[in-house]
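**Q** Below is data_9.txt; it holds compact mmCIF, C-alpha atoms and all ligand atoms.
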```txt
# COMPACT_ATOMS: atom_id res chain seq x y z
CA VAL A 225 134.76 108.03 114.05
CA VAL A 226 131.09 108.54 113.40
CA SER A 227 128.88 105.53 113.86
CA PHE A 228 125.13 105.21 113.94
CA GLU A 229 122.49 103.46 115.95
CA LEU A 230 119.40 102.33 114.12
CA SER A 231 116.00 101.48 115.55
CA VAL A 232 112.89 100.18 113.81
CA ARG A 233 109.49 100.46 115.46
CA GLY A 234 111.29 101.74 118.54
CA SER A 235 113.55 98.70 118.80
CA SER A 236 117.21 98.20 117.96
CA ASP A 237 116.66 94.43 118.13
CA ALA A 238 117.27 92.38 114.98
CA ALA A 239 113.75 90.97 115.37
CA ALA A 240 112.41 94.39 114.37
CA ARG A 241 114.13 94.29 111.00
CA TYR A 242 111.46 92.35 109.10
CA LEU A 243 109.63 94.59 106.68
CA THR A 244 106.63 94.51 104.37
CA TRP A 245 105.51 97.06 101.75
CA ALA A 246 104.00 99.22 104.50
CA PRO A 247 106.16 102.15 105.67
CA THR A 248 107.57 101.43 109.12
CA SER A 249 108.83 104.06 111.52
CA ALA A 250 112.59 104.10 112.02
CA GLN A 251 115.20 106.33 113.61
CA VAL A 252 118.90 106.78 113.17
CA ARG A 253 121.19 108.71 115.50
CA ALA A 254 124.90 109.38 115.60
CA VAL A 255 126.88 107.86 118.45
CA GLY A 256 130.45 108.68 119.39
CA ALA A 257 130.26 111.65 117.09
CA ALA A 258 131.77 114.22 119.41
CA ALA A 259 134.42 115.11 116.84
CA ALA A 260 131.87 116.06 114.21
CA ALA A 261 131.45 119.79 113.88
CA GLY A 262 127.88 119.81 112.61
CA PRO A 263 125.19 117.54 111.20
CA VAL A 264 126.38 114.55 109.22
CA SER A 265 124.94 114.02 105.77
CA LEU A 266 123.91 110.37 105.81
CA VAL A 267 122.70 108.45 102.76
CA LEU A 268 120.54 105.35 103.23
CA ARG A 269 120.34 102.81 100.40
CA THR A 270 120.20 99.06 99.73
CA ALA A 271 123.51 97.32 99.12
CA ALA A 272 123.96 96.42 95.46
CA GLY A 273 123.25 92.84 94.50
CA ALA A 274 121.09 92.22 97.54
CA GLY A 275 118.02 89.97 97.38
CA GLY A 276 115.37 92.14 98.94
CA LYS A 277 115.37 95.85 98.30
CA LEU A 278 114.45 98.66 100.66
CA ALA A 279 112.46 101.82 100.09
CA PHE A 280 112.47 105.06 102.07
CA ARG A 281 110.05 107.85 102.79
CA THR A 282 109.87 110.75 105.17
CA ALA A 283 106.04 110.77 105.23
CA PRO A 284 103.57 107.94 104.44
CA THR A 285 102.18 109.94 101.52
CA ASP A 286 105.60 110.21 99.84
CA ASP A 287 106.48 108.09 96.86
CA ALA A 288 108.91 105.34 97.81
CA ALA A 289 112.54 106.27 97.09
CA THR A 290 115.45 103.86 96.81
CA GLU A 291 117.79 106.32 98.48
CA LEU A 292 117.29 108.87 101.24
CA THR A 293 119.64 111.58 102.53
CA LEU A 294 119.26 112.64 106.14
CA GLN A 295 121.05 115.40 108.03
CA VAL A 296 121.84 113.58 111.26
CA ALA A 297 122.72 115.73 114.27
CA ALA A 298 126.15 115.20 115.78
CA ASP A 299 124.79 115.42 119.34
CA GLY A 300 122.85 112.16 119.16
CA THR A 301 119.42 113.63 118.43
CA PRO A 302 117.63 110.97 116.35
CA SER A 303 116.42 111.55 112.79
CA ASP A 304 113.12 109.94 111.81
CA PHE A 305 112.37 108.21 108.54
CA LEU A 306 110.15 105.45 107.17
CA VAL A 307 111.50 102.22 105.74
CA SER A 308 109.75 99.41 103.86
CA GLY A 309 110.39 96.81 101.23
CA LEU A 310 110.55 98.10 97.66
CA PHE A 311 107.43 96.76 95.94
CA GLN A 312 108.18 93.72 93.76
CA SER A 313 111.64 93.29 95.29
CA PRO A 314 110.99 90.92 98.21
CA SER A 315 113.66 88.96 100.01
CA SER A 316 114.23 85.31 99.27
CA ASP A 317 116.33 84.69 102.36
CA ASP A 318 116.75 86.03 105.85
CA HIS A 319 118.93 89.17 106.11
CA ASP A 320 119.32 89.48 102.32
CA ALA A 321 118.18 93.12 102.17
CA VAL A 322 121.17 95.04 103.46
CA LEU A 323 120.80 98.66 104.45
CA GLU A 324 123.92 100.68 103.77
CA LEU A 325 124.70 103.82 105.73
CA VAL A 326 126.91 106.00 103.56
CA VAL A 327 128.85 109.11 104.60
CA GLY A 328 130.94 111.02 102.10
CA GLY A 329 130.64 108.22 99.56
CA GLN A 330 131.94 105.60 102.03
CA VAL A 331 129.82 102.79 103.45
CA VAL A 332 130.24 103.21 107.19
CA GLN A 333 127.77 100.55 108.34
CA SER A 334 125.65 97.70 106.93
CA VAL A 335 122.48 96.51 108.63
CA PRO A 336 120.68 93.35 107.45
CA PHE A 337 116.90 93.34 106.95
CA MET A 338 114.41 90.97 105.44
CA VAL A 339 111.57 92.08 103.14
CA ARG A 340 109.25 89.33 104.34
CA ILE A 341 106.37 88.93 101.93
CA ARG A 342 103.75 86.26 101.26
CA LYS A 343 104.39 84.83 97.80
CA ASN A 344 102.71 82.66 95.20
CA ALA A 345 103.63 79.08 96.12
CA GLU A 346 104.50 78.49 92.47
CA SER A 347 107.26 81.11 92.57
CA LEU A 348 109.10 79.94 95.69
CA SER A 349 112.71 78.88 95.37
CA GLU A 350 113.51 75.35 96.52
CA ASP A 351 115.07 76.83 99.64
CA GLU A 352 111.98 78.87 100.44
CA ARG A 353 109.75 75.86 99.82
CA ASP A 354 111.83 73.56 101.99
CA ARG A 355 112.06 76.01 104.88
CA PHE A 356 108.31 76.42 104.80
CA LEU A 357 107.65 72.67 104.69
CA ASP A 358 110.13 72.08 107.48
CA ALA A 359 108.55 74.71 109.74
CA LEU A 360 105.07 73.39 108.99
CA ALA A 361 106.07 69.81 109.77
CA ARG A 362 107.69 70.94 113.02
CA LEU A 363 104.56 72.86 113.98
CA ASN A 364 102.57 69.68 113.40
CA GLY A 365 105.05 67.64 115.41
CA GLN A 366 103.64 64.39 114.01
CA GLY A 367 100.30 65.26 115.54
CA HIS A 368 101.62 66.39 118.92
CA GLY A 369 102.50 69.98 118.04
CA VAL A 370 100.83 73.39 118.22
CA PHE A 371 99.18 72.74 114.87
CA ALA A 372 96.58 70.57 116.61
CA LEU A 373 95.10 73.74 118.15
CA PHE A 374 94.64 75.30 114.72
CA ARG A 375 93.02 72.13 113.51
CA ALA A 376 90.60 72.29 116.50
CA MET A 377 89.66 75.90 115.70
CA HIS A 378 88.07 75.08 112.35
CA THR A 379 85.32 72.43 112.68
CA ASP A 380 81.57 72.14 112.15
CA GLN A 381 81.05 73.17 115.76
CA THR A 382 83.13 76.34 115.43
CA SER A 383 82.03 77.10 111.89
CA PRO A 384 79.48 79.85 112.75
CA GLN A 385 82.34 81.98 114.13
CA ALA A 386 84.11 81.92 110.79
CA HIS A 387 81.63 81.36 107.98
CA GLY A 388 78.35 82.44 106.46
CA ASP A 389 78.50 86.03 107.64
CA ASP A 390 80.66 89.12 107.23
CA GLY A 391 83.29 88.01 109.73
CA PHE A 392 84.39 85.38 107.23
CA PHE A 393 87.30 87.38 105.84
CA PRO A 394 88.60 88.96 109.09
CA TRP A 395 88.34 85.70 111.04
CA HIS A 396 90.35 83.76 108.48
CA ARG A 397 92.87 86.62 108.24
CA ALA A 398 93.44 86.34 111.99
CA TYR A 399 93.63 82.56 111.78
CA LEU A 400 96.32 82.66 109.06
CA LEU A 401 98.35 85.36 110.80
CA ASP A 402 98.24 83.50 114.11
CA LEU A 403 99.56 80.38 112.35
CA GLU A 404 102.16 82.34 110.39
CA ARG A 405 103.54 83.86 113.58
CA GLU A 406 103.90 80.36 115.05
CA LEU A 407 105.83 79.31 111.95
CA GLN A 408 108.02 82.40 112.29
CA LYS A 409 108.90 81.44 115.86
CA LEU A 410 110.42 78.30 114.34
CA ASP A 411 111.99 80.09 111.37
CA PRO A 412 111.69 83.89 111.16
CA ALA A 413 112.28 83.83 107.40
CA VAL A 414 109.11 81.85 106.66
CA THR A 415 105.84 83.29 105.39
CA LEU A 416 102.65 81.58 104.32
CA PRO A 417 102.61 81.13 100.56
CA TYR A 418 99.34 81.24 98.65
CA TRP A 419 97.81 78.89 96.12
CA GLN A 420 96.66 81.07 93.21
CA PHE A 421 93.75 78.78 92.38
CA ASP A 422 92.94 80.44 89.05
CA ASP A 423 96.11 79.00 87.52
CA PRO A 424 97.86 75.66 87.10
CA ALA A 425 100.21 74.92 90.00
CA PRO A 426 102.58 72.15 88.91
CA ASN A 427 105.17 73.02 91.56
CA LEU A 428 102.73 73.13 94.46
CA PHE A 429 100.99 69.89 93.46
CA SER A 430 104.20 67.90 93.21
CA GLU A 431 105.70 65.18 95.39
CA ASP A 432 108.27 67.60 96.77
CA PHE A 433 105.75 70.24 97.85
CA PHE A 434 102.12 69.60 98.85
CA GLY A 435 101.75 66.29 97.05
CA ALA A 436 100.93 65.02 93.59
CA ARG A 437 97.45 63.97 92.53
CA ASP A 438 97.01 60.26 93.09
CA GLN A 439 93.92 58.13 92.41
CA SER A 440 94.37 56.46 95.82
CA GLY A 441 92.90 59.65 97.31
CA ILE A 442 96.07 60.29 99.30
CA ALA A 443 98.38 63.10 98.23
CA ARG A 444 101.56 61.46 96.94
CA LEU A 445 104.72 62.78 98.60
CA SER A 446 108.38 62.07 98.02
CA ALA A 447 110.17 60.11 100.75
CA GLY A 448 112.21 63.14 101.77
CA ASN A 449 109.24 65.52 102.04
CA PRO A 450 108.83 66.75 105.66
CA LEU A 451 105.05 66.35 105.23
CA ILE A 452 105.45 62.58 104.79
CA SER A 453 104.86 62.24 108.53
CA TRP A 454 101.90 64.66 108.62
CA VAL A 455 99.48 63.46 111.32
CA THR A 456 96.17 64.95 112.45
CA ASP A 457 93.33 63.90 114.74
CA ASN A 458 95.28 61.36 116.80
CA GLY A 459 96.39 59.06 114.13
CA GLN A 460 95.50 59.80 110.54
CA VAL A 461 98.90 59.73 108.88
CA SER A 462 98.88 61.23 105.39
CA ILE A 463 96.89 63.87 103.61
CA MET A 464 93.56 62.71 102.20
CA ARG A 465 93.15 64.73 99.03
CA LEU A 466 92.13 64.03 95.44
CA PRO A 467 91.69 67.00 93.10
CA ASN A 468 88.82 66.53 90.65
CA PHE A 469 90.79 68.66 88.17
CA ASP A 470 94.39 68.37 87.03
CA PRO A 471 96.17 71.00 89.14
CA THR A 472 99.33 70.74 87.04
CA THR A 473 97.53 71.98 83.93
CA SER A 474 94.51 73.95 85.16
CA GLY A 475 93.14 76.01 88.01
CA ALA A 476 90.40 74.93 90.43
CA ASN A 477 86.74 74.68 89.45
CA ILE A 478 85.90 78.29 90.13
CA THR A 479 83.86 80.54 87.91
CA ARG A 480 84.73 83.94 89.39
CA HIS A 481 88.29 84.68 88.43
CA GLU A 482 90.61 87.16 90.01
CA ALA A 483 89.94 90.18 87.83
CA THR A 484 86.22 89.89 88.59
CA VAL A 485 86.74 89.25 92.29
CA VAL A 486 89.02 92.25 92.69
CA GLY A 487 87.44 94.68 90.25
CA THR A 488 83.71 94.38 90.98
CA GLN A 489 81.41 94.40 94.05
CA ALA A 490 82.89 97.54 95.58
CA ALA A 491 80.85 97.25 98.82
CA TYR A 492 82.02 94.77 101.43
CA HIS A 493 78.72 93.06 102.22
CA SER A 494 78.05 91.99 98.65
CA PHE A 495 81.72 91.21 98.11
CA ARG A 496 81.76 88.82 101.11
CA ASN A 497 78.36 87.36 100.37
CA THR A 498 79.31 86.27 96.86
CA ARG A 499 83.05 85.58 97.16
CA GLU A 500 82.71 83.30 100.17
CA ILE A 501 80.86 80.90 97.86
CA ASP A 502 82.75 81.41 94.61
CA PRO A 503 85.70 81.30 94.40
CA HIS A 504 86.28 80.28 98.06
CA GLY A 505 83.74 77.46 98.42
CA HIS A 506 84.26 76.27 94.87
CA ALA A 507 88.01 76.02 95.47
CA HIS A 508 87.32 73.78 98.48
CA THR A 509 84.89 71.55 96.61
CA SER A 510 87.30 71.12 93.71
CA PHE A 511 88.64 68.21 95.77
CA SER A 512 87.53 64.99 97.34
CA GLY A 513 89.05 64.42 100.75
CA ASP A 514 89.56 66.49 103.86
CA ILE A 515 89.72 69.92 102.28
CA HIS A 516 86.25 69.45 100.73
CA ALA A 517 84.31 70.06 103.97
CA ILE A 518 84.55 72.61 106.80
CA ASP A 519 84.77 69.98 109.54
CA THR A 520 87.90 68.35 108.12
CA ALA A 521 89.40 71.03 105.85
CA ALA A 522 92.06 72.22 108.31
CA LYS A 523 93.54 68.71 108.46
CA ASP A 524 94.99 69.34 105.03
CA PRO A 525 97.75 71.98 105.12
CA LEU A 526 96.68 73.04 101.61
CA PHE A 527 93.75 74.67 103.41
CA PHE A 528 96.08 77.43 104.62
CA LEU A 529 97.42 78.15 101.14
CA LEU A 530 93.91 78.19 99.69
CA HIS A 531 92.84 80.65 102.39
CA CYS A 532 95.98 82.70 101.96
CA ASN A 533 94.81 83.28 98.40
CA VAL A 534 91.31 84.13 99.62
CA ASP A 535 92.87 86.66 101.98
CA ARG A 536 95.07 88.01 99.18
CA LEU A 537 91.96 88.55 97.05
CA TRP A 538 90.39 90.53 99.89
CA ALA A 539 93.63 92.50 100.35
CA LYS A 540 93.81 93.22 96.63
CA TRP A 541 90.15 94.25 96.59
CA GLN A 542 90.88 96.54 99.56
CA TRP A 543 93.77 98.14 97.71
CA PHE A 544 91.79 98.48 94.46
CA HIS A 545 88.74 100.10 96.12
CA GLN A 546 90.66 101.79 98.98
CA ARG A 547 88.79 99.87 101.66
CA PHE A 548 90.83 100.49 104.80
CA ASP A 549 88.69 102.99 106.71
CA VAL A 550 86.52 100.93 109.06
CA THR A 551 84.10 103.82 109.58
CA GLN A 552 82.96 103.39 105.99
CA GLU A 553 80.06 101.09 105.06
CA GLY A 554 81.95 99.98 101.96
CA THR A 555 84.84 98.70 104.09
CA TYR A 556 82.73 96.67 106.52
CA HIS A 557 79.00 96.23 106.80
CA PHE A 558 77.88 95.64 110.41
CA ARG A 559 79.50 98.60 112.14
CA GLY A 560 78.34 98.20 115.72
CA ALA A 561 78.74 95.40 118.24
CA PHE A 562 76.69 92.30 119.04
CA GLY A 563 73.37 93.29 120.60
CA ASP A 564 73.19 96.71 118.96
CA PRO A 565 70.14 97.40 116.79
CA GLY A 566 70.74 95.87 113.36
CA SER A 567 73.65 93.75 114.58
CA THR A 568 74.26 90.20 113.50
CA ASP A 569 75.72 87.11 115.23
CA ALA A 570 78.49 87.57 117.78
CA GLY A 571 81.89 87.63 116.14
CA HIS A 572 80.65 89.19 112.90
CA ASN A 573 80.04 92.80 113.96
CA LEU A 574 82.86 95.31 113.51
CA HIS A 575 83.53 95.81 117.22
CA ASP A 576 83.04 92.22 118.36
CA THR A 577 86.04 90.34 119.65
CA MET A 578 86.80 87.16 117.77
CA TRP A 579 86.71 83.65 119.13
CA PRO A 580 88.85 81.81 120.24
CA TRP A 581 91.40 84.56 120.90
CA ASN A 582 88.91 86.29 123.23
CA ASN A 583 88.53 83.13 125.33
CA VAL A 584 84.75 83.61 125.40
CA THR A 585 82.91 80.28 125.51
CA ASN A 586 79.33 79.09 125.82
CA VAL A 587 77.63 82.50 125.58
CA ASP A 588 76.15 84.35 122.61
CA GLY A 589 76.60 81.32 120.39
CA ARG A 590 80.31 81.01 121.09
CA PRO A 591 81.70 77.44 121.03
CA PRO A 592 82.19 75.48 124.31
CA THR A 593 85.98 75.64 124.23
CA ALA A 594 88.60 78.15 123.05
CA PRO A 595 91.56 76.10 121.82
CA ARG A 596 93.91 79.04 121.44
CA HIS A 597 94.08 82.36 123.23
CA PRO A 598 95.19 85.07 123.32
CA PHE A 599 96.41 86.03 119.85
CA GLN A 600 100.09 85.40 119.12
CA ALA A 601 101.92 88.67 119.79
CA ALA A 602 104.50 90.02 117.35
CA THR A 603 108.03 90.97 118.43
CA PRO A 604 108.47 93.90 118.72
CA ALA A 605 104.83 94.71 119.38
CA ALA A 606 102.53 95.19 116.39
CA GLY A 607 98.82 94.79 115.81
CA PRO A 608 96.41 93.23 116.29
CA PRO A 609 95.71 93.36 120.05
CA LEU A 610 95.81 90.08 121.94
CA GLU A 611 92.00 89.86 121.86
CA PRO A 612 91.39 91.24 118.39
CA THR A 613 88.10 92.61 117.18
CA VAL A 614 86.91 92.28 113.61
CA ALA A 615 87.98 95.91 113.07
CA ASP A 616 91.55 95.15 114.11
CA LEU A 617 92.11 92.85 111.11
CA ILE A 618 90.94 95.19 108.37
CA ASP A 619 93.56 97.93 107.95
CA PHE A 620 96.40 95.43 107.58
CA GLN A 621 98.88 97.92 106.10
CA GLY A 622 98.26 100.47 108.83
CA HIS A 623 96.93 103.23 106.57
CA LEU A 624 94.74 104.75 109.28
CA ALA A 625 95.46 102.47 112.23
CA GLY A 626 99.14 103.45 112.22
CA THR A 627 100.59 100.00 112.81
CA ALA A 628 100.57 97.38 110.09
CA LEU A 629 99.84 93.75 110.92
CA GLY A 630 103.16 92.54 109.51
CA PHE A 631 102.19 90.75 106.33
CA ASP A 632 101.84 91.73 102.69
CA TYR A 633 101.41 89.99 99.35
CA ASP A 634 103.85 89.94 96.46
CA ASP A 635 101.37 91.53 94.06
CA VAL A 636 99.39 93.85 96.34
CA PRO A 637 101.17 97.20 96.75
CA TYR A 638 101.04 99.73 99.54
CA GLU A 639 99.49 102.86 98.18
CA SER A 640 98.81 105.78 100.48
CA VAL A 641 95.11 106.54 100.86
CA GLY A 642 95.86 110.08 102.08
CU CU B 1 87.78 77.92 103.41
```
Could you render the structure from this file as C-alpha cells?
Ligand SMILES: [Cu+2]
**A**
Amino acid sequence: VVSFELSVRGSSDAAARYLTWAPTSAQVRAVGAAAAAGPVSLVLRTAAGAGGKLAFRTAPTDDAATELTLQVAADGTPSDFLVSGLFQSPSSDDHDAVLELVVGGQVVQSVPFMVRIRKNAESLSEDERDRFLDALARLNGQGHGVFALFRAMHTDQTSPQAHGDDGFFPWHRAYLLDLERELQKLDPAVTLPYWQFDDPAPNLFSEDFFGARDQSGIARLSAGNPLISWVTDNGQVSIMRLPNFDPTTSGANITRHEATVVGTQAAYHSFRNTREIDPHGHAHTSFSGDIHAIDTAAKDPLFFLLHCNVDRLWAKWQWFHQRFDVTQEGTYHFRGAFGDPGSTDAGHNLHDTMWPWNNVTNVDGRPPTAPRHPFQAATPAAGPPLEPTVADLIDFQGHLAGTALGFDYDDVPYESVG
C-alpha cells in the first residue's frame, strides 16, 4: 500500500499547516512504497465542500491552481511543491481546508489545513467572533494577563518609537503580529479582525462584539460577552469609549477613503506622512474615551482592530504599487541605519532594530524599559527574527525575503512580483 508523508516549511507537525495566500514550501514523499514499480502519479486537491480552499504551484511565479499532479518517486525521494490558501476562500474554522491525496482516482489520504486569514470584523461568523473575544479576554486575564505588556508598549513615553516618522507602519505591524501570535497560542484558529472604518459596522459595534454606543461613555456589552470583565491599568473595569458618529450607520470621521489611500501616493515617505494623520489619526479622534489619545488608546481593544485596518491599507498599497523590495526608495524612505548620514531617529531607519523587541533601553532616545522582548517566534520558524528590524516587517508575503510573516488579509491577494 502506498502512503505519503507530507511536510510544510520543513515540518510534518500539524502546527505547520496554517496557510495564508503566500505560497509556502511543501514536500510529499512516498513511504512503504516498495511494491510500486515506478513513480506514482499523485493528485493534490481540496476536499469538496470544505471551508477553506487550497491552491498549488510549482514555482512562485505560477498562477495558483486548484489541483496539482506530481510524479512521486517510489523510493522515498521527496517531491517539492508550493501550497497556499486559494484567494477569497479562507477557512472559517480550524482544519476545515482538507488536502486530499488522490492516486488512480481514489483518495488515499486526507490532511487538514487551515487557511488562516485576517478578516473584516463585520464578516465574521458568530463562532469566529466568539473565539476571538474569548482569546482576547483570556490574554487580558482580567488585567493580570500578557495583554498588560502590550498596553505598556503604547504610551506617551514610548510614542516616539511608533509614531510621527516612517517607522509608524512597520512598528505597528510588528505590534499587531506579536499580539496575534499570543492569541494563537491560546487558540490557533484565531486571527486579528480589522475594523474597516470607511463603512458602517453594526456587528462590531454591538453588545455581543466590541460594545454598543452608549451616552454613558462606556461601551455597552451584553452580560455574556467575554469582554465584560475587561480590565486595564490595575483597576479600570470596562471600556471607556463613545463614538462621535453612529458606527452602525456610518464610517468614522475620515476624509481619505480607501480608494484614495491605496491608489495614490506611490512613494512610501509621502504615503506614511499623510496617511498616519488621515485616515489613521482621524479614526482615533472619531471617539471620546481611551482610544482618542496615544497614551490610553491601547486600553481599548478596538485599537487593535483599527490598526489592523491601517496595516491592511498599507498591505493593499504595497500590493497595488508592488512595494516589497526594501532596496527601493518607493518601498521605504530612510534606507540606512541610525547614525548614518541622512538618517532619522532610532527605530525609524530601515536597518534599525525596533523597540521593545530589541531590549534596548535608555540610549538613542529609546524608552527606559522594554516591556516585551524578544519577538514572539512562530512555530515552525518563520519571520521576522526575534529582534526585528524595520526591514523585516515590510515584505510580509515573502516575495523577495523568501519567508512570509504568516498573516494576510481577506481582500489583499498574493501576486508574484517576479
Ligand atoms: Cu493608532
**Q** Quick one: residues within 8 Å of ligand CU 1 (chain B), with only C-alpha atoms and all ligand atoms, as number ranges by chain?
**A** A: 504-505, 508, 518, 521, 527, 530-531
**Q** Could you give me, as a PyMOL selection string, the residues within 9 Å of range 277-286 of chain A, counting all atoms listed in the file and dropping anything in the same chain fewer than 5 positions from it?
**A** chain A and resi 243+245-248+268-271+291-292+304-315+320-323+337-339+623+639-642
**Q** Which polymer residues have any atom within 10 Å of an atom of Thr301 in chain A, counting all atoms listed in the file, with same-chain residues fewer than 5 positions away left out, as a list of chain:residue names?
**A**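 The neighbour list is A:Gln251, A:Val252, A:Arg253, A:Ala254, A:Val255, A:Val296.
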**Q** Which residue gives the smallest distance to Asn458 in chain A among A:Thr479, A:Gln542, A:Ser430, A:Gln366, with only C-alpha atoms counted?
**A**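 Smallest separation from Asn458 in chain A among the options: A:Gln366.
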**Q** I'd like the contact shell of Pro580 in chain A - 7 Å cut-off, all atoms listed in the file, skipping same-chain residues fewer than 3 positions apart - returned as a list in words.
**A**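 Residues meeting the cut-off are Asn583, Val584, Ala594, Pro595, Arg596 and His597 of chain A.
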**Q** Give me the residues within 8 Å of range 348-361 of chain A as a ChimeraX atom specification, counting all atoms listed in the file and dropping any in the same chain fewer than 4 places off.
**A** /A:316-317,343-344,365-366,407,410-411,414-416,433,449-451,453-454
**Q** Smallest atom-to-atom distance to Ile463 in chain A: which of A:His387, A:Arg536, A:Lys409, A:Lys523, using only C-alpha atoms?
**A**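 Residue with the minimum atom-to-atom distance to Ile463 in chain A: A:Lys523.
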**Q** Would you please work out which residue, of A:Ala261, A:Ile442, A:Leu466, A:Val636, is nearest to Ser510 in chain A when using all atoms listed in the file?
**A**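 Selected residue with least distance to Ser510 in chain A: A:Leu466.
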**Q** So what do you get for CA of Asp619 in chain A versus CA of Val550 in chain A, distance-wise?
**A** 7.7 Å
**Q** Of the residues A:Leu373, A:Val614, A:Ile515, A:Ala625, which is the one nearest to Phe548 in chain A, using only C-alpha atoms?
**A**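 Looking only at the distances to Phe548 in chain A, the closest residue turns out to be A:Ala625.
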**Q** Give me, please, the distance in Å between CA of Gly622 in chain A and CA of Gly275 in chain A, quoted to one decimal.
**A** 25.1 Å
**Q** List the neighbours of Asp576 in chain A out to 9 Å using only C-alpha atoms; skip same-chain residues closer than 2 positions along the sequence, and give me the result as a VMD selection string.
**A** chain A and resid 560 to 562 570 to 574 578 612 to 615
